[in-house]
Structure formats: C-alpha cells, structure tokens
Amino acid sequence: MAAVKKIAVLPGDGIGPEVMDVAVKVLDKVAAKYGVSFEKEFADVGGIAIDNHGTPLPESTLSLCKASDAILFGSVGGPKWESLPPEQQPERGALLPLRKIFGLYANLRPAIIFPALTGASTLKEECISGGLDILIVRELTGGIYFGQPKGREDKPERKAFDTLVYSESEIARIARVAFEAAMKRNKKLCSIDKANVLTTSVLWREVVLEVAKDYPQVELSHMYVDNAAMQLVRNPKQFDVILADNMFGDILSDEAAMLTGSLGMLPSASIAESAFGLYEPSGGSAPDIAGQGIANPIAQILSAAMMLKFSFGMIEASDDIEAAVRKTLDQNFRTGDIFSEGMTRVNTVQMGEKIIANL
Ligand SMILES: NC(=O)c1ccc[n+]([C@@H]2O[C@H](COP(=O)([O-])OP(=O)(O)OC[C@H]3O[C@@H](n4cnc5c(N)ncnc54)[C@H](O)[C@@H]3O)[C@@H](O)[C@H]2O)c1
Ligand SMILES: CC(C)[C@H](C(=O)O)[C@@H](O)C(=O)O
Ligand SMILES: [Mg+2]
C-alpha cells in the first residue's frame, strides 16, 4: 500500500466550495480505483476565513498546509471583502502569502483545447483546428506583486507605488522550469517581456539567454508582451511553452483560457523546489455565478490531476482524470460556460458525476 498522502483542502469563496466538492469526489474515485488513500483535511481560507476567524489566513489553516503534502485550493475573494484594507483582503492576505511562504515560484498553466470544445473557443475554427496545447510558465513569487517599496502617500496629493524587481536567480530558476518543460514538449519556448521599456525585462532577457545555453535543442524566441497578447488571439498555434513574469503571466493566462472556451477549463499548479505544491483553477471565485450550482468544475478537477502528477508522482491516475474529462466532453456534456447548440447542458454536480462515471 502506497504511503497516505495528506491534502490540505481549502475551498475558499464563491464557486470555490461548489467546484471543490466535485474535485474531492473525483479524488475519492481515484483512491478507490488505485487502492491509495488520501487524507483530506478541510480549512477556511480567504473571505470565509475572515468571516469565521477574523483573518484570511488563520494560523490553523497555515499549520494544516505545513503538515500536508499538497494544497488543493479553490478560489478566494468577492465583493463582500473588497472594501477591507488591501492587506486584509482574501487575495493579498491569504493567496499571495501562501505562495510566498511555501516558495511556490513556478506556476504552470496549461491551456489545452480539447478537440470537442473547438466550437466553444471565441476564435475562428481555422486558428485552432486540430486542438491547441500551450503551457504558460509564470513566475509566481517575485516581480511587481511582491517588490518593495509598495504603498501610498496621501500628501501633497494621493500617490501610490508598486516596485517591479527581479534578481538573476529568480529569473534563472523559472527559466529552467520553462526550458525543462519545453524539452518534454515541442522544444519551443517564447519568453515574454517588455525589454523596450523596462529595465527588469532587459535583465530577464539577458538571463533567459544565458540559461538557454544549457538547452541548445530548444528553439527560443522573445516577444514583447503587447505583441504576445495580440499573437495569442491571432495565431495561438505558434506557441508551445510561454515563459512570463508574475504580472504578464497572470494576464496572458486569462487570455489563453478564453482560447480554450472558458476560464472554468484552466487548471494550474504552483510548485516549489520540493514536490510541494498548491493546485488551483486559474480563474477566480466567479461571484457572478456563485451559489447557482452552474460553475464548470473542470479547472478544479484538472488542478487535482496536476497535484497527483507533480506532488504525488501518480502519472497514470492523473492521465486517467484527464481522459475522463476528455471523454465526458466527447459525450457532449457541457456546463453553461462552454454550452453550445446541440449539446447536453449539465450543472456542476452533474458534470462531476459524468466525469466520475468515465473514470
Ligand atoms: N486564485 C484565486 O483565488 C483567484 C483568481 C482570480 C480571481 N480571484 C478573485 O475572484 C473574484 C472575482 O474575480 P473576477 O470576476 O475578476 O474573475 P473570475 O475568474 O472569478 O471570473 C471571470 C469570469 O469567468 C467566469 N468563470 C470563472 N471561473 C468559472 C468557472 N469555473 N465556470 C464558469 N465560469 C467561470 C466568471 O463567471 C466570470 O464571468 C475577485 O475577488 C478576484 O480577486 C481569485
Ligand atoms: C487573485 C489574484 C491575486 C491572482 C493573481 O493575480 O495571481 C489571480 O488572478 C490568479 O491568476 O491566480
Ligand atoms: Mg489571474
């Protein structure tokens, strides 16, 4: 019997608990099928933690994460907590500290168009025919999200500032992750920057070029972020692996999500130097549809699959989940966000049941 893996399950806010419920049931099915055991412990994070404990990242939640092998995260935030001081809000008070505390510097966001979903993409069929498979590698613990100083002054007029800073070691380690990923894929890497304006980007390009010397088989290109945003919708098939800093990667991954049909399809893995990781959908708590039971649970389910692969080394089980998702889409089941004429509309729970039946 394999060692028991301990998972800190943090559903969070909005659609988080709705889609997490389904992902946990998928894990139960995997456990039964593979004769493994997952010890899942739930804790509050984000807005719900503010409501229940007065803080978005309670000490008890943090200790649970520290005692676990991985974190399965839903999403945090929503209108209810938006007027709190920024540092006390769910995003800045819980999600960003978790990323920093656990050194989760490598954020992998695969944007895959399942062939059955080409019709759900906003792009013309010919741009994505044959499917699409892009991996965005986003730096997650540096850049403008964390640089100091950061703050505001109110006199003589209101002024606010964030600092964009990157060191060569931060750039080199994320570049290595991207090159390694490219080696396992189509050996193409596009590094995104704004080197025509930003000094950090000049260093970014310099260091990426140095790391590239260790990966002569990888075809490396550089692209300014504004052009990249345009190229992603013009001809997304030119990309294999995209490497980006924290903020550019945030923006481009939402854009890439839409190519796949919906933000509800895009999972993510945030990993540390060790096998430890936090796994969450790339999208958020979707307050506009929360509480209606209609959210797409696939991003959360595929995030759990990434956890099996990257933190637990359970490649076969992970592939199995992906295959079950693929089969369910081939059977024409669709939540509202990816629904189109002639398909069978299902809600969150039903989508989960269909996927589990295909596992
Ligand atoms: N990792 C996170 O916890 C995370 C990520 C992004 C945003 N947020 C937070 O979420 C809140 C809402 O942010 P937002 O509205 O800008 O972005 P969002 O990602 O929550 O929603 C954007 C759009 O995508 C749709 N969408 C997202 N996930 C979906 C799913 N699974 N199924 C169907 N549709 C889905 C939403 O309905 C909405 O129309 C904010 O408080 C934001 O800070 C949290
Ligand atoms: C909620 C927010 C802090 C977060 C980010 O910007 O990293 C989100 O947009 C994401 O993409 O995970
Ligand atoms: Mg984002």
# chains A, B, ... in the order shown; residues from 1 in each chain; ligands from 1

call {"tool": "residues_near_ligand", "arguments": {"ligand": "ligand 1", "cutoff": "6 Å", "atoms": "only C-alpha atoms and all ligand atoms", "output": "list in words"}}
result
Ser75, Val76, Gly77, Gly78, Glu91, Leu263, Gly264, Ser282, Gly283, Gly284, Ser285, Ala286, Pro287, Asp288, Ile289, Ala295, Asn296, Pro297 and Asp337 of chain A

call {"tool": "residues_around", "arguments": {"residues": "Val225 (chain A)", "least_positions_apart": "5", "cutoff": "12 Å", "atoms": "only C-alpha atoms", "output": "PDB file with C-alpha atoms, in the first residue's frame"}}
result
ATOM      1  CA  CYS A 190       8.758  32.043 -26.160  1.00  0.00           C
ATOM      2  CA  SER A 191       9.914  34.361 -23.382  1.00  0.00           C
ATOM      3  CA  ILE A 192       7.685  37.363 -22.782  1.00  0.00           C
ATOM      4  CA  ASP A 193       8.956  40.729 -21.654  1.00  0.00           C
ATOM      5  CA  LYS A 194       8.782  44.464 -22.223  1.00  0.00           C
ATOM      6  CA  ALA A 195      12.510  44.946 -22.782  1.00  0.00           C
ATOM      7  CA  ASN A 196      11.896  48.044 -24.913  1.00  0.00           C
ATOM      8  CA  VAL A 197      10.758  49.882 -21.764  1.00  0.00           C
ATOM      9  CA  LEU A 198      11.509  48.003 -18.537  1.00  0.00           C
ATOM     10  CA  SER A 201      12.860  42.991 -18.726  1.00  0.00           C
ATOM     11  CA  MET A 230      -2.138  40.061 -29.909  1.00  0.00           C
ATOM     12  CA  GLN A 231      -0.385  36.949 -31.273  1.00  0.00           C
ATOM     13  CA  LEU A 232      -2.254  34.717 -28.815  1.00  0.00           C
ATOM     14  CA  ILE A 242       5.376  30.618 -22.894  1.00  0.00           C
ATOM     15  CA  LEU A 243       7.593  31.978 -20.126  1.00  0.00           C
ATOM     16  CA  ALA A 244       6.420  35.125 -18.362  1.00  0.00           C
ATOM     17  CA  ASP A 245       6.930  37.137 -15.214  1.00  0.00           C
ATOM     18  CA  MET A 247       2.045  40.006 -13.885  1.00  0.00           C
ATOM     19  CA  PHE A 248       2.431  39.332 -17.618  1.00  0.00           C
ATOM     20  CA  GLY A 249       1.789  35.635 -16.906  1.00  0.00           C
ATOM     21  CA  ASP A 250      -1.343  36.492 -14.935  1.00  0.00           C
ATOM     22  CA  ILE A 251      -2.794  38.484 -17.796  1.00  0.00           C
ATOM     23  CA  LEU A 252      -1.760  36.177 -20.636  1.00  0.00           C
TER      24      LEU A 252
END

call {"tool": "select_by_dssp", "arguments": {"residues": "region 223-325 of chain A", "states": "strand (DSSP E)", "output": "list in words"}}
result
Met223, Tyr224, Val241, Ile242, Leu243, Ala244, Pro267, Ser268, Ala269, Ser270, Ile271, Gly277, Leu278, Tyr279, Glu280 and Pro281 of chain A

call {"tool": "residues_around", "arguments": {"residues": "Asp162 (chain A)", "least_positions_apart": "4", "cutoff": "8 Å", "atoms": "only C-alpha atoms", "output": "list in words"}}
result
Ile144, Tyr145, Gly147, Gln148, Pro149, Lys150 and Gly151 of chain A

call {"tool": "write_last_selection", "arguments": {"atoms": "N, CA and C atoms", "output": "mmCIF file, in the first residue's frame"}}
result
data_model
loop_
_atom_site.group_PDB
_atom_site.id
_atom_site.type_symbol
_atom_site.label_atom_id
_atom_site.label_comp_id
_atom_site.auth_asym_id
_atom_site.auth_seq_id
_atom_site.Cartn_x
_atom_site.Cartn_y
_atom_site.Cartn_z
ATOM 1 N N ILE A 144 6.339 42.543 -9.634
ATOM 2 C CA ILE A 144 5.604 43.699 -9.103
ATOM 3 C C ILE A 144 4.608 43.307 -8.004
ATOM 4 N N TYR A 145 4.260 42.011 -7.919
ATOM 5 C CA TYR A 145 3.353 41.576 -6.862
ATOM 6 C C TYR A 145 3.994 41.714 -5.481
ATOM 7 N N GLY A 147 7.469 43.211 -4.961
ATOM 8 C CA GLY A 147 8.586 44.142 -4.829
ATOM 9 C C GLY A 147 8.326 45.239 -3.800
ATOM 10 N N GLN A 148 9.371 45.646 -3.116
ATOM 11 C CA GLN A 148 9.285 46.732 -2.132
ATOM 12 C C GLN A 148 10.110 47.915 -2.631
ATOM 13 N N PRO A 149 9.754 49.173 -2.391
ATOM 14 C CA PRO A 149 8.586 49.560 -1.610
ATOM 15 C C PRO A 149 7.283 49.473 -2.397
ATOM 16 N N LYS A 150 6.218 49.390 -1.607
ATOM 17 C CA LYS A 150 4.867 49.281 -2.141
ATOM 18 C C LYS A 150 4.014 50.084 -1.180
ATOM 19 N N GLY A 151 3.207 50.947 -1.665
ATOM 20 C CA GLY A 151 2.382 51.680 -0.699
ATOM 21 C C GLY A 151 1.741 52.911 -1.287
#

call {"tool": "closest_residue", "arguments": {"among": "A:Ala256, A:Ile174, A:Ala182, A:Leu84", "to": "ligand 2", "atoms": "only C-alpha atoms and all ligand atoms"}}
result
A:Ala256

call {"tool": "atom_distance", "arguments": {"atom1": "CA of Phe114 (chain A)", "atom2": "CA of Glu126 (chain A)"}}
result
14.8 Å

call {"tool": "residues_around", "arguments": {"residues": "Gly54 (chain A)", "least_positions_apart": "2", "cutoff": "12 Å", "atoms": "only C-alpha atoms", "output": "count of residues only"}}
result
19

call {"tool": "atom_distance", "arguments": {"atom1": "CA of Glu125 (chain A)", "atom2": "CA of Asn332 (chain A)"}}
result
17.9 Å

call {"tool": "closest_residue", "arguments": {"among": "A:Glu255, A:Glu82, A:Asp330, A:Asp320", "to": "Leu27 (chain A)", "atoms": "only C-alpha atoms"}}
result
A:Asp320

call {"tool": "closest_residue", "arguments": {"among": "A:Asn235, A:Pro11, A:Ser129, A:Ser270", "to": "Ala23 (chain A)", "atoms": "only C-alpha atoms"}}
result
A:Pro11
